[in-house]
file work-v2.csv (CSV, C-alpha atoms)
chain,number,residue,atom,x,y,z
A,27,MET,CA,-141.1,-98.6,-57.9
A,28,ALA,CA,-138.3,-101.2,-57.7
A,29,LEU,CA,-138.9,-104.9,-58.0
A,30,ILE,CA,-137.0,-107.5,-56.0
A,31,LYS,CA,-136.7,-111.2,-56.9
A,32,LEU,CA,-136.7,-113.1,-53.6
A,33,ASN,CA,-135.1,-116.5,-52.9
A,34,ASN,CA,-138.4,-118.3,-53.5
A,35,GLN,CA,-138.4,-116.7,-57.0
A,36,SER,CA,-141.4,-114.6,-56.4
A,37,ILE,CA,-141.4,-110.9,-57.3
A,38,SER,CA,-142.6,-108.2,-54.9
A,39,ALA,CA,-142.6,-104.4,-55.1
A,40,VAL,CA,-140.5,-102.4,-52.7
A,41,SER,CA,-142.1,-99.1,-52.0
A,42,ALA,CA,-139.8,-97.8,-49.2
A,43,LEU,CA,-136.5,-98.4,-47.5
A,44,PRO,CA,-136.6,-100.3,-44.1
A,45,SER,CA,-137.0,-98.0,-41.1
A,46,GLY,CA,-133.8,-96.4,-39.9
A,47,ILE,CA,-132.3,-95.9,-43.4
A,48,ASP,CA,-133.6,-92.4,-44.0
A,49,THR,CA,-130.2,-90.6,-44.0
A,50,GLY,CA,-129.1,-89.0,-47.3
A,51,ARG,CA,-132.7,-89.0,-48.6
A,52,VAL,CA,-134.1,-85.8,-50.1
A,53,ALA,CA,-137.1,-84.8,-48.0
A,54,GLN,CA,-138.2,-81.8,-50.0
A,55,LEU,CA,-137.2,-79.6,-52.9
A,56,VAL,CA,-138.0,-75.9,-53.4
A,57,GLN,CA,-137.0,-73.8,-56.3
A,58,ALA,CA,-137.1,-70.1,-57.2
A,59,VAL,CA,-136.9,-69.1,-60.9
A,60,LYS,CA,-136.2,-65.6,-62.0
A,61,THR,CA,-137.2,-64.9,-65.6
A,62,ASP,CA,-137.2,-61.1,-65.7
A,63,THR,CA,-134.1,-58.9,-65.9
A,64,ALA,CA,-132.3,-56.7,-63.4
A,65,ASN,CA,-129.5,-54.2,-63.4
A,66,ILE,CA,-127.4,-54.0,-60.3
A,67,THR,CA,-125.1,-51.0,-59.8
A,68,SER,CA,-124.6,-51.1,-56.1
A,69,GLN,CA,-121.2,-51.5,-54.5
A,70,THR,CA,-122.9,-53.0,-51.4
A,71,PHE,CA,-124.7,-56.3,-51.6
A,72,ALA,CA,-128.2,-56.3,-53.0
A,73,THR,CA,-130.6,-59.1,-53.0
A,74,ILE,CA,-131.5,-60.4,-56.5
A,75,THR,CA,-135.3,-60.1,-56.6
A,76,GLY,CA,-136.8,-63.4,-57.5
A,77,LEU,CA,-133.8,-65.5,-56.2
A,78,SER,CA,-135.1,-66.2,-52.7
A,79,LEU,CA,-137.1,-69.1,-51.2
A,80,ASN,CA,-138.3,-70.4,-47.9
A,81,ILE,CA,-137.9,-74.0,-46.7
A,82,THR,CA,-138.9,-75.6,-43.4
A,83,PRO,CA,-136.6,-78.4,-42.4
A,84,SER,CA,-138.4,-81.4,-41.0
A,85,ALA,CA,-135.5,-82.1,-38.6
A,86,SER,CA,-132.9,-79.9,-36.9
A,87,SER,CA,-130.2,-82.4,-38.1
A,88,SER,CA,-131.2,-81.9,-41.8
A,89,LYS,CA,-128.8,-80.3,-44.2
A,90,ILE,CA,-129.9,-77.9,-47.0
A,91,LEU,CA,-128.2,-78.3,-50.3
A,92,LEU,CA,-128.3,-75.0,-52.2
A,93,ILE,CA,-127.7,-74.8,-55.9
A,94,MET,CA,-127.7,-71.4,-57.7
A,95,ASN,CA,-127.3,-70.6,-61.3
A,96,VAL,CA,-127.2,-66.9,-62.4
A,97,THR,CA,-126.8,-65.8,-66.0
A,98,GLY,CA,-126.2,-62.3,-67.2
A,99,ALA,CA,-123.5,-59.9,-68.2
A,100,GLY,CA,-121.4,-57.1,-66.8
A,101,ASN,CA,-118.0,-56.8,-65.2
A,102,GLN,CA,-116.5,-57.5,-61.9
A,103,SER,CA,-119.5,-58.9,-60.0
A,104,ALA,CA,-119.6,-60.8,-56.7
A,105,PHE,CA,-122.3,-63.2,-55.5
A,106,ARG,CA,-123.1,-64.8,-52.1
A,107,PHE,CA,-125.7,-67.0,-50.4
A,108,LEU,CA,-127.6,-65.8,-47.4
A,109,ARG,CA,-129.5,-67.7,-44.8
A,110,GLY,CA,-131.8,-65.0,-43.4
A,111,SER,CA,-129.4,-62.1,-42.9
A,112,THR,CA,-126.3,-64.3,-42.5
A,113,ALA,CA,-123.9,-64.8,-45.4
A,114,ILE,CA,-123.0,-68.5,-45.8
A,115,GLY,CA,-120.6,-70.4,-48.0
A,116,ILE,CA,-118.2,-67.5,-48.2
A,117,GLY,CA,-114.4,-67.2,-48.3
A,118,ASP,CA,-112.3,-66.4,-45.3
A,119,ALA,CA,-111.8,-62.9,-44.1
A,120,ASP,CA,-108.5,-61.3,-45.0
A,121,GLY,CA,-107.9,-57.6,-44.7
A,122,SER,CA,-110.4,-55.5,-46.7
A,123,ARG,CA,-111.1,-58.3,-49.2
A,124,ILE,CA,-114.9,-59.0,-49.7
A,125,GLN,CA,-116.1,-62.4,-48.5
A,126,VAL,CA,-118.2,-64.0,-51.3
A,127,THR,CA,-119.4,-67.4,-52.6
A,128,ALA,CA,-118.4,-66.7,-56.2
A,129,GLY,CA,-117.2,-64.0,-58.5
A,130,GLY,CA,-118.5,-63.2,-62.0
A,131,PRO,CA,-116.2,-62.8,-65.0
A,132,ASP,CA,-115.4,-59.5,-66.7
A,133,THR,CA,-117.7,-59.3,-69.8
A,134,ASN,CA,-117.5,-55.7,-70.9
A,135,ASP,CA,-118.3,-56.8,-74.5
A,136,ASN,CA,-121.6,-58.5,-75.3
A,137,LYS,CA,-120.7,-61.9,-74.0
A,138,MET,CA,-122.9,-63.4,-71.2
A,139,PHE,CA,-121.7,-65.2,-68.1
A,140,GLU,CA,-123.0,-68.1,-66.1
A,141,VAL,CA,-122.2,-68.3,-62.4
A,142,GLY,CA,-123.0,-71.5,-60.6
A,143,MET,CA,-122.7,-72.0,-56.8
A,144,THR,CA,-123.4,-75.0,-54.6
A,145,PHE,CA,-123.3,-75.1,-50.8
A,146,LEU,CA,-124.4,-77.7,-48.2
A,147,ASP,CA,-125.7,-75.7,-45.2
A,148,SER,CA,-126.6,-76.9,-41.7
A,149,PRO,CA,-129.2,-74.5,-40.4
A,150,SER,CA,-129.9,-76.6,-37.3
A,151,THR,CA,-133.6,-75.6,-37.1
A,152,THR,CA,-137.1,-76.8,-37.9
A,153,SER,CA,-138.3,-73.2,-38.4
A,154,GLU,CA,-139.1,-71.8,-41.8
A,155,THR,CA,-135.8,-70.6,-43.2
A,156,THR,CA,-135.2,-68.0,-46.0
A,157,PHE,CA,-132.3,-68.5,-48.4
A,158,LEU,CA,-131.4,-65.9,-51.0
A,159,VAL,CA,-128.7,-64.7,-53.5
A,160,GLN,CA,-127.1,-61.3,-53.4
A,161,THR,CA,-124.7,-59.6,-55.7
A,162,ARG,CA,-122.7,-56.4,-55.9
A,163,ILE,CA,-120.3,-54.7,-58.3
A,164,LEU,CA,-116.7,-54.4,-57.3
A,165,ASN,CA,-115.9,-51.1,-58.9
A,166,SER,CA,-117.9,-47.9,-59.2
A,167,GLY,CA,-119.5,-47.3,-62.6
A,168,ASN,CA,-119.9,-51.0,-63.4
A,169,THR,CA,-123.3,-52.8,-63.8
A,170,THR,CA,-124.2,-56.4,-63.4
A,171,ARG,CA,-127.1,-57.3,-65.7
A,172,ILE,CA,-129.1,-60.4,-64.8
A,173,ASN,CA,-130.8,-62.6,-67.4
A,174,ARG,CA,-129.7,-60.3,-70.3
A,175,SER,CA,-126.6,-59.2,-72.3
A,176,ASN,CA,-125.0,-55.8,-72.0
A,177,ASP,CA,-126.5,-54.7,-75.2
A,178,ASP,CA,-130.3,-55.3,-74.9
A,179,THR,CA,-131.2,-54.3,-78.4
A,180,ASP,CA,-134.3,-56.2,-79.6
A,181,ASN,CA,-132.8,-58.8,-81.9
A,182,SER,CA,-131.9,-62.5,-81.9
A,183,GLN,CA,-128.3,-61.8,-80.9
A,184,HIS,CA,-129.3,-60.6,-77.5
A,185,PRO,CA,-131.0,-63.5,-75.6
A,186,ARG,CA,-133.0,-63.5,-72.4
A,187,THR,CA,-132.2,-66.2,-69.9
A,188,ILE,CA,-133.3,-67.5,-66.5
A,189,SER,CA,-131.6,-67.7,-63.2
A,190,THR,CA,-132.5,-70.2,-60.5
A,191,LEU,CA,-132.0,-71.0,-56.8
A,192,THR,CA,-132.8,-74.5,-55.6
A,193,ALA,CA,-132.9,-75.8,-52.0
A,194,MET,CA,-133.0,-79.5,-51.2
A,195,GLU,CA,-133.5,-80.8,-47.6
A,196,ILE,CA,-131.2,-83.8,-47.1
A,197,LEU,CA,-132.0,-85.9,-44.1
A,198,ALA,CA,-129.0,-86.5,-41.9

call {"tool": "encode", "arguments": {"input": "work-v2.csv", "output": "structure tokens"}}
result
Amino acid sequence: MALIKLNNQSISAVSALPSGIDTGRVAQLVQAVKTDTANITSQTFATITGLSLNITPSASSSKILLIMNVTGAGNQSAFRFLRGSTAIGIGDADGSRIQVTAGGPDTNDNKMFEVGMTFLDSPSTTSETTFLVQTRILNSGNTTRINRSNDDTDNSQHPRTISTLTAMEILA
């Protein structure tokens, strides 16, 4: 709670902004946290189980700020956001190139990667909306490992991590 010192030198608490100044305010926050591991070997996009959430915008003019962080290992991975079944925050179409939000590094050895993505979406609805993260490998025979290293031997050199998807409704 903020305190304001008025001209008459009294102090009063401010509990809210004046009406009409709601734009840019975070109306709600939803987060999905994936703590288990997954191995993705598909050359078509597959939803990362545990990295999906539902949010119901309070106004059709609201924006949804998506923040995703995936950790893991593997080589030549691609990631994208989806709103329902529609890919969002992806690159332009060009020939046979795959449209994605972010690409993962090539970590054939035991190094792990961290892929972060942020996108401000305008769903233009007040209906419950599902957002999720998908991934795919780019070359046959590769594997993307989520929340673990390539070598998953039980010792302290092979950590387990988390991955997250956060959605914030921003009032417009």

call {"tool": "closest_residue", "arguments": {"input": "work-v2.csv", "among": "A:Ala99, A:Ile93, A:Ile172, A:Leu108", "to": "A:Asn136", "atoms": "only C-alpha atoms"}}
result
A:Ala99

call {"tool": "residues_around", "arguments": {"input": "work-v2.csv", "residues": "stretch 103-106 of chain A", "least_positions_apart": "3", "cutoff": "6 Å", "atoms": "all atoms listed in the file", "output": "VMD selection string"}}
result
chain A and resid 126 to 130 159 to 164

call {"tool": "atom_distance", "arguments": {"input": "work-v2.csv", "atom1": "atom CA of A:Ala85", "atom2": "atom CA of A:Thr144"}}
result
21.3 Å

call {"tool": "residues_around", "arguments": {"input": "work-v2.csv", "residues": "A:Gly76", "least_positions_apart": "2", "cutoff": "8 Å", "atoms": "all atoms listed in the file", "output": "PyMOL selection string"}}
result
chain A and resi 58-60+74+78

call {"tool": "residues_around", "arguments": {"input": "work-v2.csv", "residues": "A:Ser189", "least_positions_apart": "6", "cutoff": "7 Å", "atoms": "only C-alpha atoms", "output": "tab-separated table (two decimals) with C-alpha atoms, keeping the file's coordinate frame"}}
result
chain	number	residue	atom	x	y	z
A	59	VAL	CA	-136.90	-69.10	-60.90
A	60	LYS	CA	-136.20	-65.60	-62.00
A	61	THR	CA	-137.20	-64.90	-65.60
A	95	ASN	CA	-127.30	-70.60	-61.30
A	96	VAL	CA	-127.20	-66.90	-62.40
A	97	THR	CA	-126.80	-65.80	-66.00
A	173	ASN	CA	-130.80	-62.60	-67.40

call {"tool": "atom_distance", "arguments": {"input": "work-v2.csv", "atom1": "atom CA of A:Leu77", "atom2": "atom CA of A:Gly121"}}
result
29.4 Å

call {"tool": "residues_near_point", "arguments": {"input": "work-v2.csv", "point": "(-130.0, -80.6, -40.8)", "cutoff": "7 Å", "atoms": "all atoms listed in the file", "output": "list in words"}}
result
Ala85, Ser86, Ser87, Ser88, Lys89, Ile90, Ser148, Pro149, Ser150, Leu197 and Ala198 of chain A

call {"tool": "decode", "arguments": {"input": "work-v2.csv", "residues": "stretch 41-117 of chain A", "atoms": "C-alpha atoms", "output": "CSV table (one decimal), in the first residue's frame"}}
result
chain,number,residue,atom,x,y,z
A,41,SER,CA,-5.4,1.5,-2.3
A,42,ALA,CA,-6.2,1.9,-6.0
A,43,LEU,CA,-5.7,4.0,-9.0
A,44,PRO,CA,-8.4,6.5,-10.0
A,45,SER,CA,-11.0,5.1,-12.3
A,46,GLY,CA,-10.1,5.1,-16.0
A,47,ILE,CA,-6.4,4.3,-15.3
A,48,ASP,CA,-6.6,0.5,-15.6
A,49,THR,CA,-4.6,0.1,-18.8
A,50,GLY,CA,-1.4,-1.8,-18.5
A,51,ARG,CA,-2.4,-3.4,-15.2
A,52,VAL,CA,-1.9,-7.1,-14.8
A,53,ALA,CA,-5.4,-8.5,-14.2
A,54,GLN,CA,-4.5,-12.1,-13.6
A,55,LEU,CA,-1.5,-14.5,-13.7
A,56,VAL,CA,-1.6,-18.2,-14.5
A,57,GLN,CA,1.4,-20.6,-14.6
A,58,ALA,CA,2.1,-24.2,-15.6
A,59,VAL,CA,5.2,-25.8,-14.2
A,60,LYS,CA,6.6,-29.1,-15.6
A,61,THR,CA,8.8,-30.9,-13.2
A,62,ASP,CA,8.9,-34.4,-14.8
A,63,THR,CA,11.0,-35.3,-17.9
A,64,ALA,CA,10.1,-36.0,-21.5
A,65,ASN,CA,11.8,-37.3,-24.6
A,66,ILE,CA,10.5,-36.0,-27.9
A,67,THR,CA,11.5,-37.8,-31.1
A,68,SER,CA,8.8,-36.5,-33.4
A,69,GLN,CA,9.5,-34.6,-36.6
A,70,THR,CA,6.1,-33.1,-36.4
A,71,PHE,CA,5.1,-30.7,-33.6
A,72,ALA,CA,4.2,-32.4,-30.3
A,73,THR,CA,2.7,-30.7,-27.3
A,74,ILE,CA,5.0,-30.7,-24.3
A,75,THR,CA,2.8,-32.3,-21.6
A,76,GLY,CA,2.6,-30.1,-18.6
A,77,LEU,CA,3.3,-26.9,-20.5
A,78,SER,CA,-0.3,-25.8,-21.2
A,79,LEU,CA,-2.7,-23.6,-19.3
A,80,ASN,CA,-6.1,-21.9,-19.6
A,81,ILE,CA,-6.8,-18.3,-19.0
A,82,THR,CA,-10.1,-16.4,-19.4
A,83,PRO,CA,-9.5,-12.8,-20.4
A,84,SER,CA,-11.8,-10.3,-18.5
A,85,ALA,CA,-12.1,-8.0,-21.6
A,86,SER,CA,-11.8,-8.7,-25.3
A,87,SER,CA,-9.3,-5.8,-25.6
A,88,SER,CA,-6.9,-7.5,-23.1
A,89,LYS,CA,-3.5,-8.7,-24.2
A,90,ILE,CA,-1.9,-12.0,-22.9
A,91,LEU,CA,1.8,-11.9,-22.2
A,92,LEU,CA,3.2,-15.4,-22.6
A,93,ILE,CA,6.6,-16.3,-21.0
A,94,MET,CA,8.0,-19.7,-21.6
A,95,ASN,CA,11.2,-21.2,-20.3
A,96,VAL,CA,12.2,-24.8,-21.3
A,97,THR,CA,15.4,-26.5,-20.2
A,98,GLY,CA,16.7,-29.8,-21.4
A,99,ALA,CA,19.2,-31.3,-23.9
A,100,GLY,CA,19.3,-32.7,-27.4
A,101,ASN,CA,20.0,-31.3,-30.8
A,102,GLN,CA,18.3,-29.3,-33.5
A,103,SER,CA,14.9,-28.7,-31.7
A,104,ALA,CA,12.3,-26.1,-32.5
A,105,PHE,CA,9.6,-24.6,-30.2
A,106,ARG,CA,6.4,-22.7,-30.7
A,107,PHE,CA,3.5,-21.2,-28.8
A,108,LEU,CA,-0.1,-22.2,-29.6
A,109,ARG,CA,-3.4,-20.5,-28.8
A,110,GLY,CA,-5.8,-23.4,-29.1
A,111,SER,CA,-4.7,-25.0,-32.3
A,112,THR,CA,-3.3,-21.8,-33.9
A,113,ALA,CA,0.5,-21.3,-33.8
A,114,ILE,CA,1.3,-17.7,-32.6
A,115,GLY,CA,4.5,-15.7,-32.3
A,116,ILE,CA,6.1,-17.5,-35.2
A,117,GLY,CA,8.5,-16.5,-38.0
